[in-house]
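Peer 1: Have a look at this one.
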Amino acid sequence: MLSKKITSSIASLLLLASIFLPSLSSAQQQAAKPAVNFCGRVSTLQTTLDQTITDRKNKLENTWTQRQQMIATNRSNREQRLTSDRLQWDQNRQERYNKMMAKATTDSQKQAITAFEATIELAVKTRKSAADGAIQTFRSSLDQAINTRETDIKTAISNFQSAVDNAFSQAKTDCDKGAQTAIVHSNLKTALQAARQQFEITRQTADKVSTQEQTLAQARRNSVEQAISTFKTTLQDAITTLKTALGKN
Amino acid sequence: MTQNWKTVVSLGTAVAILLGIIYIKTGPKTAIYTAPQNSYSNPSQSTPPATDNPNDMQSALLQSAVQEQSSFSAEAGDSAAVSSDNQAISNFGQAYDANAF
């Protein structure tokens with residue numbers, strides 16, 4: 001009684017699965033296709049696979065185009081933002097120098113403020129140069145990594161397509177020669193599987209470029225942090241000197 | 001009691017398998033890369049008003065340095081773009097479906 005309940009419950013679930021997932025049963029039917037009329041289907045199979053390859057290649061190239069556009073847009077936006085930021089901070093600093101100078105009552109205080117301004121402006125300039133250099137180097141490196149990856153994948157795609165063409169040509173030749181259908185079928189599948197595996201190997205190699213890029217990005221991030229750390233030290237020393245001169249310790 | 005447990009375990013297993021199949025068939029197929037946007041704050045809102053106080057000057061200069069550092073961090077976030085084509089490449093690699101042959 002109980003076992004009937006279990007059986008009927010599982011059967012109900014599997015029935016639901018077959019309703020919601022019709023592609024599963026379709027795939028199983030395809031897998032079960034006999035090799036009897038294989039030679040008659042070779043051209044159709046090739047056309048179908050070629051179309052799939054073309055579609056997926058186009059999608060991949062669209063992904064690359066979108067990535068390129070997105071990176072270019074982000075860079076442009078960031079450049080505009082950074083330029084605007086720097087301009088406002090430059091103006092803000094100048095206002096502060098002017099206010100400090102206006103409040104100075106002695107020549108020595110004015111000299112101290114002038115020296116402070118020179119020190120800070122040089123430090124800011126050095127910091128900006130370090131950041132700009134790091135960004136440019138980072139961009140070049142990123143572009144190179146992307147180009148290398150795309151080139152590797154394009155080559156892999158070309159090799160895959162050639163291997164597919166060769167496999168089907170061989171299958172057609174074998175069929176024309178009257179070779180056993182089952183053997184032709186098996187050879188074609190083996191050749192296509194090998195082409196796919198070769199593509200996968202290239203893909204894994206391309207993935208390593210991504211890892212290298214992340215390492216380089218971290219190295220450059222560290223260099224920017226070092227430049228800012230140096231700036232902070234210079235600032236601290238300059239402020240201490242200035243406060244001493246202004247009698248604000 | 002034991003029979004009830006068998007029923008629960010059997011049904012639970014069947015449901016888990018069904019949910020697994022549904023997830024595989026209908027789950028996310030593409031990884032969408034969203035490049036990092038400018039994450040550092042807007043200076044028009046954060047630039048402090050200028051004073052003649054050296055301590056304020058020090059705070060403002062530190063703030064500008066931190067802001068510039070975050071602008072570079074946003075730039076470096078683009079490195080994730082290198083692998084943003086993973087899904088499309090993977091899809092291409094599966095163009096040949098042995099089951100169709």
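Just so we're on the same page: first chain in the structure tokens is A, next is B, and so on; residues restart at 1 for each chain, and ligands are numbered from 1 in the order they show up.
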Tell me as a VMD selection string which residues belonging to chain B come within 6 Å of chain A, counting only C-alpha atoms.
Peer 2: chain B and resid 43 50 to 52 82 88 92 95 99 to 100
Peer 1: Just checking: using only C-alpha atoms, which residue out of A:Thr205, A:Thr233, A:Thr137, A:Ala191 ends up closest to Ala163 (chain A)?
Peer 2: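 The answer is A:Ala191, which sits nearest to Ala163 (chain A).
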Peer 1: Considering only C-alpha atoms, can you say which of A:Gln111, A:Thr202, A:Gln226, A:Thr119 comes closest to Ala245 (chain A)?
Peer 2: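 Between A:Gln111, A:Thr202, A:Gln226, A:Thr119, the residue approaching Ala245 (chain A) most closely is A:Gln111.
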Peer 1: CA of Thr105 (chain A) and CA of Met57 (chain B) are how many Å apart?
Peer 2: 19.0 Å
